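Visitor: My structure file target26.cif, mmCIF, C-alpha atoms, is below:
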```cif
data_work
loop_
_atom_site.label_atom_id
_atom_site.label_comp_id
_atom_site.auth_asym_id
_atom_site.auth_seq_id
_atom_site.Cartn_x
_atom_site.Cartn_y
_atom_site.Cartn_z
CA MET V 1 63.11 3.16 114.61
CA ASN V 2 60.79 0.65 112.90
CA GLY V 3 60.74 -0.05 109.15
CA THR V 4 57.68 2.07 108.44
CA THR V 5 59.00 5.11 110.29
CA ALA V 6 62.40 4.70 108.62
CA ASP V 7 60.74 4.53 105.18
CA LEU V 8 58.68 7.65 105.84
CA THR V 9 61.75 9.53 107.07
CA LEU V 10 63.73 8.46 104.00
CA GLY V 11 60.83 9.35 101.70
CA ILE V 12 60.39 12.85 103.09
CA SER V 13 64.16 13.43 103.13
CA PHE V 14 64.55 12.46 99.48
CA ALA V 15 61.49 14.51 98.46
CA ILE V 16 63.15 17.51 100.10
CA ALA V 17 66.45 16.68 98.35
CA SER V 18 64.53 16.53 95.06
CA GLY V 19 63.15 19.99 95.71
CA LEU V 20 66.57 21.40 96.59
CA MET V 21 67.97 20.22 93.26
CA ASN V 22 64.89 21.33 91.34
CA GLY V 23 65.08 24.80 92.88
CA THR V 24 68.74 25.12 91.93
CA PHE V 25 68.78 23.87 88.34
CA THR V 26 67.45 27.14 86.84
CA LEU V 27 70.18 29.23 88.50
CA PRO V 28 72.77 28.76 85.69
CA MET V 29 70.30 30.21 83.15
CA ARG V 30 71.35 33.66 84.40
CA PHE V 31 74.86 33.15 83.03
CA LEU V 32 74.27 31.42 79.68
CA GLY V 33 73.25 34.38 77.54
CA ARG V 34 76.14 33.92 75.07
CA TRP V 35 74.47 30.76 73.76
CA SER V 36 71.09 30.63 72.05
CA TRP V 37 68.19 29.04 73.91
CA GLU V 38 68.34 25.90 71.76
CA ASN V 39 72.06 25.38 72.47
CA VAL V 40 71.42 25.37 76.20
CA TRP V 41 68.20 23.37 76.05
CA ALA V 42 69.45 20.62 73.70
CA LEU V 43 72.51 19.85 75.83
CA PHE V 44 70.41 20.04 79.00
CA VAL V 45 67.89 17.53 77.57
CA VAL V 46 70.58 15.12 76.34
CA VAL V 47 72.14 15.04 79.83
CA SER V 48 68.94 14.86 81.93
CA CYS V 49 66.56 12.92 79.66
CA VAL V 50 68.87 10.60 77.71
CA VAL V 51 72.25 9.99 79.36
CA MET V 52 71.12 9.93 83.01
CA PRO V 53 68.02 7.69 82.60
CA VAL V 54 69.97 5.11 80.59
CA ALA V 55 72.97 5.16 82.94
CA ILE V 56 70.91 4.97 86.15
CA ALA V 57 68.64 2.22 84.80
CA TRP V 58 71.72 0.26 83.72
CA ILE V 59 73.40 0.62 87.12
CA THR V 60 70.38 0.02 89.39
CA PHE V 61 68.48 -2.49 87.25
CA PRO V 62 70.66 -5.06 85.47
CA GLY V 63 68.63 -6.76 82.77
CA PHE V 64 65.92 -4.09 82.84
CA THR V 65 64.99 -4.83 79.22
CA HIS V 66 63.74 -8.28 80.29
CA THR V 67 61.50 -6.81 83.00
CA LEU V 68 60.29 -4.13 80.62
CA GLY V 69 59.04 -6.87 78.31
CA ARG V 70 57.05 -8.41 81.19
CA ALA V 71 55.60 -5.12 82.48
CA PRO V 72 51.90 -4.35 81.90
CA THR V 73 51.44 -3.09 78.34
CA ARG V 74 49.03 -0.41 79.57
CA ALA V 75 51.63 1.00 81.99
CA VAL V 76 54.30 1.07 79.27
CA LEU V 77 51.99 2.91 76.88
CA ILE V 78 50.95 5.42 79.56
CA ALA V 79 54.61 6.13 80.35
CA LEU V 80 55.41 6.75 76.69
CA VAL V 81 52.34 8.90 76.00
CA THR V 82 52.53 11.01 79.16
CA GLY V 83 56.28 11.46 78.73
CA PHE V 84 55.76 12.62 75.14
CA THR V 85 53.03 15.01 76.30
CA TRP V 86 55.20 16.34 79.12
CA GLY V 87 57.90 17.05 76.53
CA PHE V 88 55.80 19.93 75.17
CA GLY V 89 55.43 21.27 78.71
CA ALA V 90 59.20 21.21 79.18
CA ILE V 91 59.61 23.35 76.06
CA MET V 92 56.95 25.77 77.34
CA PHE V 93 58.75 25.99 80.69
CA GLY V 94 62.09 26.77 79.11
CA GLN V 95 60.59 29.41 76.83
CA GLY V 96 58.28 30.84 79.51
CA VAL V 97 60.97 31.30 82.16
CA SER V 98 63.15 33.11 79.62
CA ALA V 99 60.20 35.42 78.89
CA VAL V 100 58.86 36.33 82.34
CA GLY V 101 61.84 35.63 84.60
CA ILE V 102 62.86 32.74 86.81
CA SER V 103 60.96 33.74 89.96
CA MET V 104 57.61 34.44 88.35
CA GLY V 105 57.91 31.57 85.87
CA ASN V 106 58.69 29.06 88.61
CA THR V 107 55.83 30.36 90.74
CA LEU V 108 53.18 30.03 88.03
CA VAL V 109 54.34 26.60 86.90
CA LEU V 110 54.72 25.16 90.39
CA ALA V 111 51.35 26.49 91.62
CA ILE V 112 49.48 24.72 88.82
CA SER V 113 51.60 21.58 88.89
CA ALA V 114 51.45 21.21 92.69
CA SER V 115 47.65 21.47 92.75
CA LEU V 116 46.82 19.11 89.86
CA GLY V 117 49.84 16.86 90.32
CA SER V 118 48.96 16.01 93.91
CA PHE V 119 45.14 15.94 93.83
CA LEU V 120 44.66 13.80 90.70
CA PRO V 121 46.99 10.96 91.83
CA VAL V 122 44.74 10.51 94.89
CA LEU V 123 41.80 9.93 92.54
CA LEU V 124 43.89 7.51 90.46
CA LEU V 125 45.55 5.50 93.24
CA ALA V 126 43.04 5.50 96.12
CA PRO V 127 39.92 7.63 95.57
CA GLU V 128 38.32 6.12 98.66
CA ARG V 129 40.94 7.91 100.81
CA LEU V 130 40.03 11.38 99.57
CA LEU V 131 37.48 11.86 102.36
CA GLN V 132 39.56 9.98 104.94
CA PRO V 133 42.04 11.72 107.28
CA GLN V 134 45.03 11.13 105.01
CA GLY V 135 43.27 12.39 101.89
CA LYS V 136 42.01 15.48 103.72
CA ALA V 137 45.52 16.16 105.07
CA ILE V 138 47.01 15.91 101.56
CA VAL V 139 44.42 18.35 100.19
CA LEU V 140 44.99 20.71 103.14
CA GLY V 141 48.76 20.61 102.76
CA THR V 142 48.48 21.21 99.02
CA LEU V 143 46.15 24.18 99.50
CA ILE V 144 48.49 25.68 102.10
CA GLY V 145 51.36 25.16 99.68
CA ILE V 146 49.49 26.90 96.86
CA ALA V 147 48.80 29.84 99.19
CA GLY V 148 52.50 30.06 100.02
CA ILE V 149 53.40 29.86 96.32
CA MET V 150 50.99 32.72 95.60
CA PHE V 151 52.56 34.82 98.39
CA CYS V 152 55.99 34.26 96.84
CA GLY V 153 54.61 35.03 93.40
CA TYR V 154 53.10 38.30 94.61
CA ALA V 155 56.40 39.20 96.24
CA GLY V 156 58.12 38.53 92.92
CA ILE V 157 55.68 40.79 91.07
CA LEU V 158 56.23 43.60 93.58
CA ARG V 159 59.98 43.17 93.33
CA GLU V 160 59.95 43.29 89.54
CA ARG V 161 57.93 46.50 89.66
CA SER V 162 60.34 48.12 92.07
CA GLN V 163 63.35 47.01 89.99
CA LYS V 164 61.86 47.82 86.59
CA GLY V 165 64.76 50.05 85.64
CA THR V 166 67.33 47.28 86.10
CA ALA V 167 65.38 44.47 84.37
CA LYS V 168 66.87 45.13 80.93
CA THR V 169 70.39 44.92 82.27
CA GLU V 170 69.73 41.51 83.77
CA GLN V 171 67.95 40.30 80.62
CA GLY V 172 71.18 40.63 78.69
CA LYS V 173 72.71 37.84 80.79
CA MET V 174 69.64 35.59 80.61
CA VAL V 175 69.46 32.85 77.98
CA GLY V 176 66.57 33.18 75.54
CA LYS V 177 64.88 36.12 73.89
CA ALA V 178 62.41 38.69 75.20
CA ARG V 179 58.72 38.04 74.47
CA PRO V 180 55.48 39.89 75.21
CA PHE V 181 54.60 39.37 78.87
CA TRP V 182 51.20 37.79 78.14
CA ILE V 183 52.82 35.18 75.88
CA GLY V 184 55.21 34.29 78.69
CA LEU V 185 52.26 33.86 81.05
CA LEU V 186 50.47 31.55 78.59
CA LEU V 187 53.63 29.48 78.16
CA CYS V 188 54.01 29.11 81.94
CA PHE V 189 50.34 28.18 82.33
CA GLY V 190 50.69 25.44 79.70
CA ALA V 191 53.92 24.25 81.30
CA GLY V 192 52.19 23.94 84.68
CA LEU V 193 49.37 21.82 83.24
CA LEU V 194 51.73 19.49 81.38
CA SER V 195 54.13 19.29 84.33
CA ALA V 196 51.22 17.89 86.35
CA VAL V 197 50.75 15.28 83.59
CA PHE V 198 54.31 14.13 84.39
CA ASN V 199 53.34 13.08 87.92
CA ILE V 200 49.96 11.73 86.81
CA GLY V 201 51.80 9.52 84.31
CA TYR V 202 54.17 8.27 87.02
CA SER V 203 51.22 7.58 89.32
CA SER V 204 49.48 5.57 86.59
CA CYS V 205 52.52 3.36 85.92
CA GLN V 206 52.84 1.77 89.36
CA GLY V 207 52.31 -1.64 87.73
CA MET V 208 55.86 -1.40 86.38
CA ILE V 209 57.21 -0.98 89.91
CA GLU V 210 55.14 -3.95 91.08
CA THR V 211 56.56 -6.07 88.25
CA ALA V 212 60.11 -5.10 89.23
CA VAL V 213 59.48 -5.94 92.89
CA ARG V 214 58.00 -9.36 91.98
CA GLU V 215 61.21 -10.12 90.11
CA GLY V 216 63.34 -9.27 93.15
CA HIS V 217 64.28 -5.67 92.39
CA SER V 218 63.77 -2.56 94.53
CA THR V 219 60.97 -0.02 94.15
CA PHE V 220 63.67 2.51 93.21
CA ALA V 221 64.76 0.30 90.31
CA GLY V 222 61.13 0.03 89.21
CA SER V 223 60.76 3.82 89.32
CA ASN V 224 63.87 4.15 87.17
CA LEU V 225 62.21 1.99 84.54
CA ILE V 226 59.29 4.44 84.42
CA TRP V 227 61.63 7.44 84.19
CA LEU V 228 63.58 5.78 81.39
CA LEU V 229 60.46 5.56 79.22
CA MET V 230 58.98 8.93 80.18
CA LEU V 231 62.15 10.99 79.90
CA MET V 232 63.32 9.41 76.66
CA SER V 233 59.86 9.96 75.16
CA GLY V 234 59.87 13.59 76.28
CA ALA V 235 63.40 14.05 74.92
CA VAL V 236 62.15 13.28 71.40
CA VAL V 237 59.84 16.32 71.44
CA ASN V 238 62.46 18.64 72.92
CA LEU V 239 65.31 17.61 70.62
CA CYS V 240 63.11 17.86 67.52
CA PHE V 241 62.15 21.41 68.52
CA CYS V 242 65.79 22.31 69.19
CA GLY V 243 66.73 20.83 65.80
CA TYR V 244 64.16 23.10 64.15
CA LEU V 245 65.62 26.13 65.94
CA PHE V 246 69.18 25.14 65.02
CA LYS V 247 68.18 25.10 61.35
CA LYS V 248 66.12 28.29 61.58
CA ASN V 249 68.66 30.35 63.53
CA GLY V 250 71.88 28.80 62.30
CA SER V 251 72.97 28.49 65.92
CA TRP V 252 74.57 25.03 65.89
CA GLY V 253 77.99 26.61 65.39
CA LYS V 254 77.78 28.39 68.75
CA TYR V 255 78.89 25.13 70.39
CA ALA V 256 82.34 25.79 68.88
CA THR V 257 82.71 29.37 70.09
CA GLN V 258 85.84 30.24 72.05
CA LYS V 259 85.84 30.36 75.84
CA SER V 260 82.69 28.24 76.04
CA ALA V 261 83.96 25.70 78.62
CA SER V 262 82.00 27.45 81.37
CA LEU V 263 78.83 27.30 79.26
CA TYR V 264 79.23 23.55 78.81
CA THR V 265 79.92 23.10 82.53
CA LEU V 266 76.92 25.14 83.68
CA THR V 267 74.54 23.50 81.21
CA ILE V 268 75.66 19.99 82.12
CA ALA V 269 75.31 20.92 85.80
CA ARG V 270 71.71 22.03 85.06
CA GLY V 271 70.99 18.65 83.51
CA VAL V 272 72.51 16.71 86.40
CA LEU V 273 70.60 18.76 88.98
CA TRP V 274 67.22 18.45 87.28
CA GLY V 275 67.72 14.78 86.41
CA GLY V 276 68.86 14.15 89.97
CA SER V 277 65.69 15.78 91.29
CA ILE V 278 63.55 13.36 89.25
CA PHE V 279 65.39 10.26 90.43
CA ALA V 280 65.40 11.46 94.04
CA TYR V 281 61.63 11.89 93.80
CA GLY V 282 61.38 8.41 92.27
CA PHE V 283 63.15 7.04 95.34
CA ALA V 284 60.98 9.06 97.73
CA ALA V 285 57.48 8.37 96.42
CA PRO V 286 57.34 4.57 97.05
CA LYS V 287 58.64 5.15 100.60
CA LEU V 288 55.64 7.37 101.40
CA GLY V 289 53.02 4.66 100.98
CA LYS V 290 50.29 4.06 98.44
CA LEU V 291 49.66 7.78 98.04
CA GLY V 292 53.38 8.58 97.83
CA PRO V 293 53.09 10.42 94.47
CA ALA V 294 50.37 12.66 95.96
CA ILE V 295 52.55 13.47 99.00
CA GLY V 296 56.07 13.56 97.57
CA TRP V 297 55.22 15.66 94.51
CA PRO V 298 53.97 18.78 96.31
CA ILE V 299 56.74 18.49 98.92
CA ALA V 300 59.36 18.46 96.16
CA LEU V 301 57.76 21.37 94.30
CA ILE V 302 57.28 23.49 97.42
CA VAL V 303 60.89 22.96 98.52
CA GLY V 304 61.93 23.74 94.95
CA LEU V 305 60.19 27.09 94.98
CA ALA V 306 61.58 27.98 98.41
CA THR V 307 65.07 27.08 97.18
CA ALA V 308 64.69 29.13 93.98
CA ASN V 309 63.67 32.15 96.05
CA MET V 310 66.57 31.59 98.43
CA TRP V 311 69.00 31.61 95.49
CA GLY V 312 67.32 34.72 94.18
CA PHE V 313 67.92 36.42 97.52
CA LEU V 314 71.56 35.28 97.74
CA THR V 315 72.36 36.34 94.17
CA GLY V 316 71.05 39.87 94.70
CA GLU V 317 67.63 39.66 93.07
CA TRP V 318 66.13 41.33 96.13
CA LYS V 319 68.85 43.88 96.89
CA LEU V 320 66.81 46.78 95.46
CA ALA V 321 63.47 45.53 96.79
CA ASN V 322 61.82 47.39 99.64
CA SER V 323 60.89 45.92 103.01
CA ARG V 324 57.28 45.26 101.95
CA ASP V 325 58.43 43.09 99.04
CA ARG V 326 60.78 41.13 101.26
CA GLY V 327 58.02 40.77 103.87
CA TRP V 328 55.73 39.06 101.34
CA MET V 329 58.56 36.74 100.33
CA PHE V 330 59.38 35.70 103.90
CA ALA V 331 55.66 35.27 104.66
CA GLY V 332 55.37 33.00 101.64
CA LEU V 333 58.37 30.93 102.70
CA ALA V 334 56.90 30.54 106.20
CA VAL V 335 53.60 29.32 104.76
CA LEU V 336 55.50 26.88 102.51
CA LEU V 337 57.26 25.41 105.56
CA ILE V 338 53.84 24.83 107.16
CA ALA V 339 52.71 23.10 103.98
CA ILE V 340 55.75 20.80 103.99
CA ALA V 341 55.09 19.89 107.64
CA THR V 342 51.40 19.19 106.87
CA LEU V 343 52.22 16.95 103.90
CA GLY V 344 54.86 15.13 105.90
CA TRP V 345 52.30 14.54 108.66
CA SER V 346 49.79 13.23 106.10
CA SER V 347 52.19 10.40 105.22
CA THR V 348 51.78 9.02 108.75
CA LEU V 349 47.97 8.79 108.49
CA ALA V 350 47.75 5.76 106.18
#
```
How would this structure read if it were set down as structure tokens?

Guide:
Amino acid sequence: MNGTTADLTLGISFAIASGLMNGTFTLPMRFLGRWSWENVWALFVVVSCVVMPVAIAWITFPGFTHTLGRAPTRAVLIALVTGFTWGFGAIMFGQGVSAVGISMGNTLVLAISASLGSFLPVLLLAPERLLQPQGKAIVLGTLIGIAGIMFCGYAGILRERSQKGTAKTEQGKMVGKARPFWIGLLLCFGAGLLSAVFNIGYSSCQGMIETAVREGHSTFAGSNLIWLLMLMSGAVVNLCFCGYLFKKNGSWGKYATQKSASLYTLTIARGVLWGGSIFAYGFAAPKLGKLGPAIGWPIALIVGLATANMWGFLTGEWKLANSRDRGWMFAGLAVLLIAIATLGWSSTLA
């Protein structure tokens, strides 16, 4: 196996691993209802956006502060601004999923993020390739993926209709408070737009990776420098909002409630899974060539949605659904597999 083939295989494998973790990290939200939303979200953000970025940058990139000082100022500013902007999207995602449910929330957010987050990086990194075979394959794979996401979303809507009588029972276990459905939809729509900004920001900061490579470090180490800036910047927004909710709701004391060890464990696991998905994607994208962010991002999101639906099936979300609802779900998953194969094939067309 030559170097290029090995890199592509590694890139696709880690993009899939990113999706597996991303599709799993929302699962613990079903069992955290004894804490307020801000208790769960603040600890999750500290783990995934503060502790992990600092620790991984320190381990993989000794002396990263020196390289950061030599990185292009424009790339540093873009990382900080896009990370800060994404922070608002993260809040919208957390609030939106609590309002409309994990399946529907994930579907709406991923559909928007996959489309914008894969198409726009092509325009930023190599617009001349948009009409070439690789660019066309990326667009085709993304469109197929969006179709599969919509199939899964429709299946989720049908399932929720057929299980309407049991929704309130499940809501009692879910972290967060009930909101009007249309507000939940708006929150998810905003989260999808700002989630796409996350990948656009990463795509626009490739100069930081180039600086790291020139100084003898790996592309993965360079990616970790970008994540450090973006995630820490986004953490500021999230922790300020959680601080406001702590003061408003008087919920800080819930961290000291009895028998809360499982809540700490599940929330920390959420942070590790989501943070791990970001760093796995950061390893994958450079391996997929110049348009790696346009290929790896939709692969990770599509696998994430398929994984989330798989967990939903295994945890009994679909036990009361009829055969038509399940048929739409399996059709959607089949289309998503075609999309993953198409995007993987596009990485060989450079």

Visitor: Take the PyMOL selection byres ((chain V and resi 309) around 12), run it mentally on this structure, and tell me the resulting residues as JSON, numbers by chain.

Guide: {"V": [20, 22, 23, 24, 26, 27, 102, 103, 104, 105, 106, 107, 149, 151, 152, 153, 155, 156, 159, 302, 303, 304, 305, 306, 307, 308, 310, 311, 312, 313, 314, 315, 316, 317, 318, 326, 328, 329, 330, 332, 333, 336]}

Visitor: Quick one: which residues end up in the PyMOL selection byres ((chain V and resi 207-214) around 8) for this structure, as a PyMOL selection string?

Guide: chain V and resi 67-68+70-72+75-76+204-206+215-219+221-223+225-226

Visitor: Interatomic distance between CA of Leu77 (chain V) and CA of Leu123 (chain V)?

Guide: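 Pair CA of Leu77 (chain V) / CA of Leu123 (chain V) returns 20.0 Å.
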
Visitor: Would you mind telling me which residue in V:Trp37, V:Gly190, V:Leu158, V:Val197 lies nearest to Ser323 (chain V) when using all atoms listed in the file?

Guide: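 Between V:Trp37, V:Gly190, V:Leu158, V:Val197, the residue approaching Ser323 (chain V) most closely is V:Leu158.
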
Visitor: What's the separation between CA of Leu194 (chain V) and CA of Phe88 (chain V), in Å to one decimal place?

Guide: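 CA of Phe88 (chain V) lies at a distance of 7.4 Å from CA of Leu194 (chain V).
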
Visitor: For Ala126 (chain V), list every protein, DNA or RNA residue within 10 Å, evaluated using only C-alpha atoms, and leave out those in the same chain fewer than 5 positions away; present the list as JSON, numbers by chain.

Guide: {"V": [121, 135, 290, 291]}

Visitor: Hey, can you spit out that residue selection with C-alpha atoms as a PDB file, in the frame of the given file?

Guide:
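Result written to selection-v6.pdb:
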```pdb
ATOM      1  CA  PRO V 121      46.990  10.960  91.830  1.00  0.00           C
ATOM      2  CA  GLY V 135      43.270  12.390 101.890  1.00  0.00           C
ATOM      3  CA  LYS V 290      50.290   4.060  98.440  1.00  0.00           C
ATOM      4  CA  LEU V 291      49.660   7.780  98.040  1.00  0.00           C
TER       5      LEU V 291
END
```
